[in-house]
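Novice: One structure coming up, written as structure tokens, with questions to follow.
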2 protein chains.
Amino acid sequence: VTYWRLVLAWEGTHFHGWQLQPGVRTIQMEVEGALSKLLNQGRVRVVASGRTDSGVHARQQFVSFSTTQTRTPDSIVSGLNHFLPEDVVCLAAHPAPDGFDARHSTRRKCYQYRILARPIRCPNRRNFAWHIRKKLDIPRMSDAIQVFVGTHDFRSFQASGCSATNSVRTLKSARLEQHQDEVHLYFIGNGFLRYQVRNMVGTLVEIGLDKRDPDELSRILAARDRTKAGMTAPAHGLWLDWVEYLEGENEKGD
Amino acid sequence: VTYWRLVLAWEGTHFHGWQLQPGVRTIQMEVEGALSKLLNQGRVRVVASGRTDSGVHARQQFVSFSTTQTRTPDSIVSGLNHFLPEDVVCLAAHPAPDGFDARHSTRRKCYQYRILARPIRCPNRRNFAWHIRKKLDIPRMSDAIQVFVGTHDFRSFQASGCSATNSVRTLKSARLEQHQDEVHLYFIGNGFLRYQVRNMVGTLVEIGLDKRDPDELSRILAARDRTKAGMTAPAHGLWLDWVEYLEGENEKGD
């Protein structure tokens, strides 16, 4: 049996997220389907470094699988891309150590959140950035985002339905960049709770719109109560930007 | 009667081009429909600075119309955007001189052609750039593009079915820029023949792929024969970047 690590990218617009679910189109379904055609065998199970929700995009996601067949990296990449639909792609395939599992080998990942900050919407970016019409106070948001950095109980920013046993996570860095009419927020951490990034972004936007005071953030964290934080930012602005491995390998996608 | 100049932008992916045609979805149809709802009257005729084909995008296109109603620019912009679908937007509305017609008042326009130059496709750019897998000789293309600059009979680069009486056009400038994995070609001129940009790009790509010698270009121009030039580049890489007016006004879209 040989183990493989795939590097994938996708546009999330027409997917119901990563995870296999009956009756809907998911990325896992397409990748397993393409692998099963490529290897000409039954279901091939793949494991991702983490799940992503409906509408969320990925520039670089790692996925592991194993097979008893002997293949070259090039034949896996070109074969998979032959069978994959146009909104998901395999960027690379690397042989991995025995027993390799993408979920447990992830060291860090970076999420990017794109905001289109201008009065009028943009047709060709409608699925790729959250459009905010009103003026955002960028320095205020840029200061506030730093409150999230460090090890915190992020329960207030966890999806309301979700109850992870442990909601303590370490955010290694967070930053804001402005590029013309877009604001890009980057969050790097070892792991994220469900909706954590989108809830942090929604709260930061409320701060940028002067609907909420930046001082509230530490009180919201301390409250460990989802109802204290702001709105959930829409999925279509969220990008899984890159994932870093225990081995220290890292490729940049897109 | 007051005359207006609208600034529009759209993603061309799901449109059969600009021009009204029975049974298909066109940008003109959507804009006239939205204006007719906004002004609450029958058909409102609009004139664009030029037609664009199926799949071609626009960051900034000028469109003129007239009405007997009194409106403010802001109410036209917000009203139109309320009625327009998500893949077309009105960026601005300006009062125009009496008898103003967007078609006859265009001084210059700039087309951008985006090429994704890397071995593997990119899901979220699949509708916005032409994917070329093989390595392109960029300096060679950058030199060759200059041959097009000036006043020439572009008959060899005109759509084969089309027979404009006069196929002489002036290309004021042409340039190539590289941005990471993309190559952007810009063409500025007072007017373009149907498929002219896409046929010039297709021929330049054949030069970049070493399938054709750069010296051929002047012979192709002189031949005035469509069969001498290269392939037609696909529509989805083409962007109407900006349009300039006789009045010298110019706004940058997107």
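Lettering and numbering for the structure tokens are positional, with chains as A, B, ... in the shown order, residues counted from 1 in each chain, and ligands counted from 1 in the shown order.
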Using only C-alpha atoms, what table do you get, as CSV, when you list each residue of stretch 63-162 of chain A with an atom no more than 10 Å from stretch 189-202 of chain A, its nearest pair of atoms, and their distance in Å rounded to one decimal, rows by chain then rising number?

Specialist:
```
residue,atom,partner,partner_atom,distance
A:Thr106,CA,A:Asn190,CA,7.5
A:Arg107,CA,A:Asn190,CA,5.6
A:Arg108,CA,A:Asn190,CA,4.3
A:Lys109,CA,A:Gly189,CA,5.7
A:Cys110,CA,A:Gly189,CA,6.7
A:Tyr111,CA,A:Val197,CA,7.7
A:Gln112,CA,A:Val197,CA,8.9
A:Tyr113,CA,A:Val201,CA,7.6
A:Arg114,CA,A:Val201,CA,9.8
A:Ile115,CA,A:Val201,CA,9.6
A:Met141,CA,A:Val201,CA,9.6
A:Ile145,CA,A:Met200,CA,8.4
A:Phe148,CA,A:Met200,CA,8.3
A:Val149,CA,A:Gly189,CA,9.1
A:Gly150,CA,A:Gly189,CA,9.2
A:Thr151,CA,A:Gly189,CA,9.8
A:Phe154,CA,A:Gln196,CA,7.5
A:Arg155,CA,A:Leu193,CA,8.4
A:Ser156,CA,A:Asn199,CA,8.7
A:Phe157,CA,A:Gln196,CA,5.1
A:Gln158,CA,A:Gln196,CA,5.2
A:Ala159,CA,A:Tyr195,CA,5.3
A:Ser160,CA,A:Tyr195,CA,9.0
A:Gly161,CA,A:Arg194,CA,9.6
A:Cys162,CA,A:Arg194,CA,7.3
```

Novice: Give as JSON, numbers by chain every residue of chain B that touches chain A within 8 Å, counting only C-alpha atoms.

Specialist: {"B": [9, 10, 11, 86, 87, 88, 89, 91, 120, 121, 122, 123, 124, 126, 254]}

Novice: Quick one: everything within 10 Å of A:Ser142, counting only C-alpha atoms, minus sequence neighbours fewer than 5 positions away in the same chain. Send it as a ChimeraX atom specification.

Specialist: /A:137,147,174-177,185,204,208

Novice: Deliver the residues from the most recent selection as a file, using C-alpha atoms, as an mmCIF file, in the first residue's frame.

Specialist:
```
data_model
loop_
_atom_site.group_PDB
_atom_site.id
_atom_site.type_symbol
_atom_site.label_atom_id
_atom_site.label_comp_id
_atom_site.auth_asym_id
_atom_site.auth_seq_id
_atom_site.Cartn_x
_atom_site.Cartn_y
_atom_site.Cartn_z
ATOM 1 C CA ASP A 137 -12.970 52.136 9.307
ATOM 2 C CA VAL A 147 -7.192 40.930 19.942
ATOM 3 C CA ALA A 174 -4.039 37.767 12.092
ATOM 4 C CA ARG A 175 -3.626 40.666 9.728
ATOM 5 C CA LEU A 176 -5.508 43.004 7.457
ATOM 6 C CA GLU A 177 -4.363 44.172 4.013
ATOM 7 C CA LEU A 185 -8.155 39.489 6.345
ATOM 8 C CA LEU A 204 -14.794 42.856 12.854
ATOM 9 C CA GLY A 208 -15.483 48.713 11.071
#
```

Novice: What is the distance between atom CA of A:Arg103 and atom CA of A:Gly79, in Å to one decimal?

Specialist: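 Between these atoms lies a distance of 23.9 Å.
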
Novice: Point out the residue among B:Ile138, B:His82, B:Phe65, B:Asp53 with the least atom-to-atom distance to B:Asp98, counting only C-alpha atoms.

Specialist: B:Phe65

Novice: Determine the nearest neighbour of A:Gly55 from the options A:Ser75, A:Thr26, A:Gln41, A:Thr68, counting only C-alpha atoms.

Specialist: A:Thr26

Novice: Would you give me, as a PDB file with C-alpha atoms, in the first residue's frame, the residues in stretch 32-253 of chain B that DSSP reads as helix (DSSP H, G or I)?

Specialist:
```pdb
ATOM      1  CA  GLU B  32     -33.468  47.946 -21.357  1.00  0.00           C
ATOM      2  CA  GLY B  33     -35.688  45.809 -19.122  1.00  0.00           C
ATOM      3  CA  ALA B  34     -34.326  47.414 -15.954  1.00  0.00           C
ATOM      4  CA  LEU B  35     -34.667  50.932 -17.405  1.00  0.00           C
ATOM      5  CA  SER B  36     -38.209  50.222 -18.505  1.00  0.00           C
ATOM      6  CA  LYS B  37     -39.093  49.084 -14.970  1.00  0.00           C
ATOM      7  CA  LEU B  38     -37.276  52.021 -13.390  1.00  0.00           C
ATOM      8  CA  LEU B  39     -38.989  54.601 -15.644  1.00  0.00           C
ATOM      9  CA  PRO B  73     -27.856  60.373 -11.258  1.00  0.00           C
ATOM     10  CA  ASP B  74     -28.028  58.634  -7.860  1.00  0.00           C
ATOM     11  CA  SER B  75     -31.615  57.530  -8.357  1.00  0.00           C
ATOM     12  CA  ILE B  76     -30.759  56.098 -11.778  1.00  0.00           C
ATOM     13  CA  VAL B  77     -27.771  54.156 -10.439  1.00  0.00           C
ATOM     14  CA  SER B  78     -29.522  52.734  -7.398  1.00  0.00           C
ATOM     15  CA  GLY B  79     -32.766  52.107  -9.267  1.00  0.00           C
ATOM     16  CA  LEU B  80     -31.048  50.291 -12.125  1.00  0.00           C
ATOM     17  CA  ASN B  81     -28.985  48.172  -9.768  1.00  0.00           C
ATOM     18  CA  HIS B  82     -32.144  47.203  -7.964  1.00  0.00           C
ATOM     19  CA  PHE B  83     -33.616  45.809 -11.199  1.00  0.00           C
ATOM     20  CA  PRO B 123     -11.055  26.546 -11.029  1.00  0.00           C
ATOM     21  CA  ASN B 124     -12.014  30.071  -9.988  1.00  0.00           C
ATOM     22  CA  ARG B 125     -10.503  31.734 -13.044  1.00  0.00           C
ATOM     23  CA  ILE B 138       6.920  35.997 -23.418  1.00  0.00           C
ATOM     24  CA  PRO B 139       9.694  38.252 -24.828  1.00  0.00           C
ATOM     25  CA  ARG B 140       8.879  36.917 -28.307  1.00  0.00           C
ATOM     26  CA  MET B 141       5.174  37.760 -27.875  1.00  0.00           C
ATOM     27  CA  SER B 142       6.032  41.122 -26.362  1.00  0.00           C
ATOM     28  CA  ASP B 143       8.076  42.046 -29.432  1.00  0.00           C
ATOM     29  CA  ALA B 144       5.553  40.670 -31.914  1.00  0.00           C
ATOM     30  CA  ILE B 145       2.583  42.575 -30.450  1.00  0.00           C
ATOM     31  CA  GLN B 146       4.209  45.857 -31.529  1.00  0.00           C
ATOM     32  CA  VAL B 147       3.759  44.943 -35.208  1.00  0.00           C
ATOM     33  CA  PHE B 148       0.021  45.555 -34.780  1.00  0.00           C
ATOM     34  CA  ARG B 155      -8.853  42.245 -42.785  1.00  0.00           C
ATOM     35  CA  SER B 156      -6.739  39.153 -41.969  1.00  0.00           C
ATOM     36  CA  PHE B 157      -7.843  39.468 -38.348  1.00  0.00           C
ATOM     37  CA  GLN B 196     -10.028  41.394 -34.205  1.00  0.00           C
ATOM     38  CA  VAL B 197      -8.606  41.259 -30.688  1.00  0.00           C
ATOM     39  CA  ARG B 198      -9.283  37.542 -30.296  1.00  0.00           C
ATOM     40  CA  ASN B 199      -7.669  36.789 -33.680  1.00  0.00           C
ATOM     41  CA  MET B 200      -4.622  38.935 -32.866  1.00  0.00           C
ATOM     42  CA  VAL B 201      -4.294  37.157 -29.501  1.00  0.00           C
ATOM     43  CA  GLY B 202      -4.679  33.711 -31.068  1.00  0.00           C
ATOM     44  CA  THR B 203      -1.933  34.534 -33.570  1.00  0.00           C
ATOM     45  CA  LEU B 204       0.327  35.963 -30.839  1.00  0.00           C
ATOM     46  CA  VAL B 205      -0.135  32.806 -28.770  1.00  0.00           C
ATOM     47  CA  GLU B 206       0.921  30.688 -31.763  1.00  0.00           C
ATOM     48  CA  ILE B 207       4.048  32.853 -31.925  1.00  0.00           C
ATOM     49  CA  GLY B 208       4.587  32.389 -28.181  1.00  0.00           C
ATOM     50  CA  GLU B 216       5.031  36.349 -40.440  1.00  0.00           C
ATOM     51  CA  LEU B 217       2.913  39.049 -38.801  1.00  0.00           C
ATOM     52  CA  SER B 218       3.564  41.809 -41.309  1.00  0.00           C
ATOM     53  CA  ARG B 219       3.015  39.351 -44.181  1.00  0.00           C
ATOM     54  CA  ILE B 220      -0.282  38.259 -42.599  1.00  0.00           C
ATOM     55  CA  LEU B 221      -1.418  41.891 -42.350  1.00  0.00           C
ATOM     56  CA  ALA B 222      -0.434  42.520 -45.987  1.00  0.00           C
ATOM     57  CA  ALA B 223      -2.276  39.400 -47.186  1.00  0.00           C
ATOM     58  CA  ARG B 226      -8.345  35.620 -42.664  1.00  0.00           C
ATOM     59  CA  THR B 227      -6.977  32.171 -43.472  1.00  0.00           C
ATOM     60  CA  LYS B 228      -3.387  33.455 -43.123  1.00  0.00           C
ATOM     61  CA  ALA B 235     -14.140  34.866 -25.673  1.00  0.00           C
ATOM     62  CA  HIS B 236     -13.885  34.279 -21.917  1.00  0.00           C
ATOM     63  CA  GLY B 237     -10.364  35.782 -21.696  1.00  0.00           C
TER      64      GLY B 237
END
```

Novice: Let's see if you can do this: from backbone DSSP, list all strand (DSSP E) residues in stretch 16-81 of chain B, as a PyMOL selection string.

Specialist: chain B and resi 47-48+57-67

Novice: Quick one: residues within 9 Å of B:His94, only C-alpha atoms counted, chain neighbours fewer than 2 positions away excluded, as a list in words?

Specialist: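 The residues that qualify are Tyr3, Trp4, Arg5, Leu6, Val7, Pro73, Ala92 and Ala96 of chain B.
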
Novice: Save the residues we just selected, all heavy atoms, as an mmCIF file, in the first residue's frame?

Specialist:
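Everything below was put into out-v2.cif:
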```cif
data_model
loop_
_atom_site.group_PDB
_atom_site.id
_atom_site.type_symbol
_atom_site.label_atom_id
_atom_site.label_comp_id
_atom_site.auth_asym_id
_atom_site.auth_seq_id
_atom_site.Cartn_x
_atom_site.Cartn_y
_atom_site.Cartn_z
ATOM 1 N N TYR B 3 -30.722 63.452 -21.988
ATOM 2 C CA TYR B 3 -29.850 62.368 -22.435
ATOM 3 C C TYR B 3 -28.947 61.947 -21.288
ATOM 4 O O TYR B 3 -28.490 62.787 -20.518
ATOM 5 C CB TYR B 3 -29.027 62.819 -23.649
ATOM 6 C CG TYR B 3 -29.874 62.921 -24.903
ATOM 7 C CD1 TYR B 3 -30.694 64.024 -25.131
ATOM 8 C CD2 TYR B 3 -29.884 61.880 -25.825
ATOM 9 C CE1 TYR B 3 -31.485 64.098 -26.263
ATOM 10 C CE2 TYR B 3 -30.673 61.949 -26.965
ATOM 11 C CZ TYR B 3 -31.471 63.061 -27.177
ATOM 12 O OH TYR B 3 -32.263 63.124 -28.288
ATOM 13 N N TRP B 4 -28.677 60.654 -21.228
ATOM 14 C CA TRP B 4 -27.859 60.105 -20.153
ATOM 15 C C TRP B 4 -26.771 59.188 -20.710
ATOM 16 O O TRP B 4 -26.950 58.528 -21.715
ATOM 17 C CB TRP B 4 -28.726 59.292 -19.180
ATOM 18 C CG TRP B 4 -29.623 60.133 -18.330
ATOM 19 C CD1 TRP B 4 -30.901 60.510 -18.618
ATOM 20 C CD2 TRP B 4 -29.298 60.712 -17.066
ATOM 21 N NE1 TRP B 4 -31.407 61.287 -17.608
ATOM 22 C CE2 TRP B 4 -30.442 61.425 -16.638
ATOM 23 C CE3 TRP B 4 -28.166 60.683 -16.245
ATOM 24 C CZ2 TRP B 4 -30.480 62.117 -15.418
ATOM 25 C CZ3 TRP B 4 -28.208 61.365 -15.041
ATOM 26 C CH2 TRP B 4 -29.348 62.079 -14.642
ATOM 27 N N ARG B 5 -25.676 59.183 -19.983
ATOM 28 C CA ARG B 5 -24.606 58.225 -20.269
ATOM 29 C C ARG B 5 -24.429 57.342 -19.044
ATOM 30 O O ARG B 5 -24.166 57.854 -17.945
ATOM 31 C CB ARG B 5 -23.305 58.974 -20.564
ATOM 32 C CG ARG B 5 -22.105 58.073 -20.787
ATOM 33 C CD ARG B 5 -20.923 58.846 -21.366
ATOM 34 N NE ARG B 5 -20.493 59.914 -20.481
ATOM 35 C CZ ARG B 5 -19.616 59.757 -19.484
ATOM 36 N NH1 ARG B 5 -19.098 58.570 -19.243
ATOM 37 N NH2 ARG B 5 -19.278 60.764 -18.729
ATOM 38 N N LEU B 6 -24.617 56.035 -19.234
ATOM 39 C CA LEU B 6 -24.445 55.078 -18.134
ATOM 40 C C LEU B 6 -23.074 54.414 -18.243
ATOM 41 O O LEU B 6 -22.581 54.186 -19.347
ATOM 42 C CB LEU B 6 -25.506 53.973 -18.214
ATOM 43 C CG LEU B 6 -26.975 54.385 -18.198
ATOM 44 C CD1 LEU B 6 -27.862 53.150 -18.398
ATOM 45 C CD2 LEU B 6 -27.302 55.085 -16.880
ATOM 46 N N VAL B 7 -22.495 54.096 -17.104
ATOM 47 C CA VAL B 7 -21.264 53.291 -17.073
ATOM 48 C C VAL B 7 -21.658 51.925 -16.525
ATOM 49 O O VAL B 7 -22.156 51.824 -15.399
ATOM 50 C CB VAL B 7 -20.195 53.935 -16.172
ATOM 51 C CG1 VAL B 7 -18.882 53.159 -16.288
ATOM 52 C CG2 VAL B 7 -19.994 55.403 -16.529
ATOM 53 N N PRO B 73 -28.803 61.469 -10.977
ATOM 54 C CA PRO B 73 -27.856 60.373 -11.258
ATOM 55 C C PRO B 73 -27.940 59.269 -10.200
ATOM 56 O O PRO B 73 -28.008 58.081 -10.543
ATOM 57 C CB PRO B 73 -26.487 61.069 -11.242
ATOM 58 C CG PRO B 73 -26.782 62.489 -11.623
ATOM 59 C CD PRO B 73 -28.128 62.798 -11.029
ATOM 60 N N ALA B 92 -22.210 54.097 -12.753
ATOM 61 C CA ALA B 92 -22.442 55.541 -12.670
ATOM 62 C C ALA B 92 -23.421 55.962 -13.755
ATOM 63 O O ALA B 92 -23.613 55.236 -14.750
ATOM 64 C CB ALA B 92 -21.127 56.304 -12.830
ATOM 65 N N ALA B 96 -25.894 63.847 -20.163
ATOM 66 C CA ALA B 96 -25.109 63.964 -21.397
ATOM 67 C C ALA B 96 -25.690 65.087 -22.266
ATOM 68 O O ALA B 96 -26.841 65.492 -22.078
ATOM 69 C CB ALA B 96 -25.145 62.634 -22.141
#
```

Novice: Quick one: distance from atom CA of A:Val1 to atom CA of A:Arg71 in Å, one decimal?

Specialist: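 Distance reported for this atom pair: 11.3 Å.
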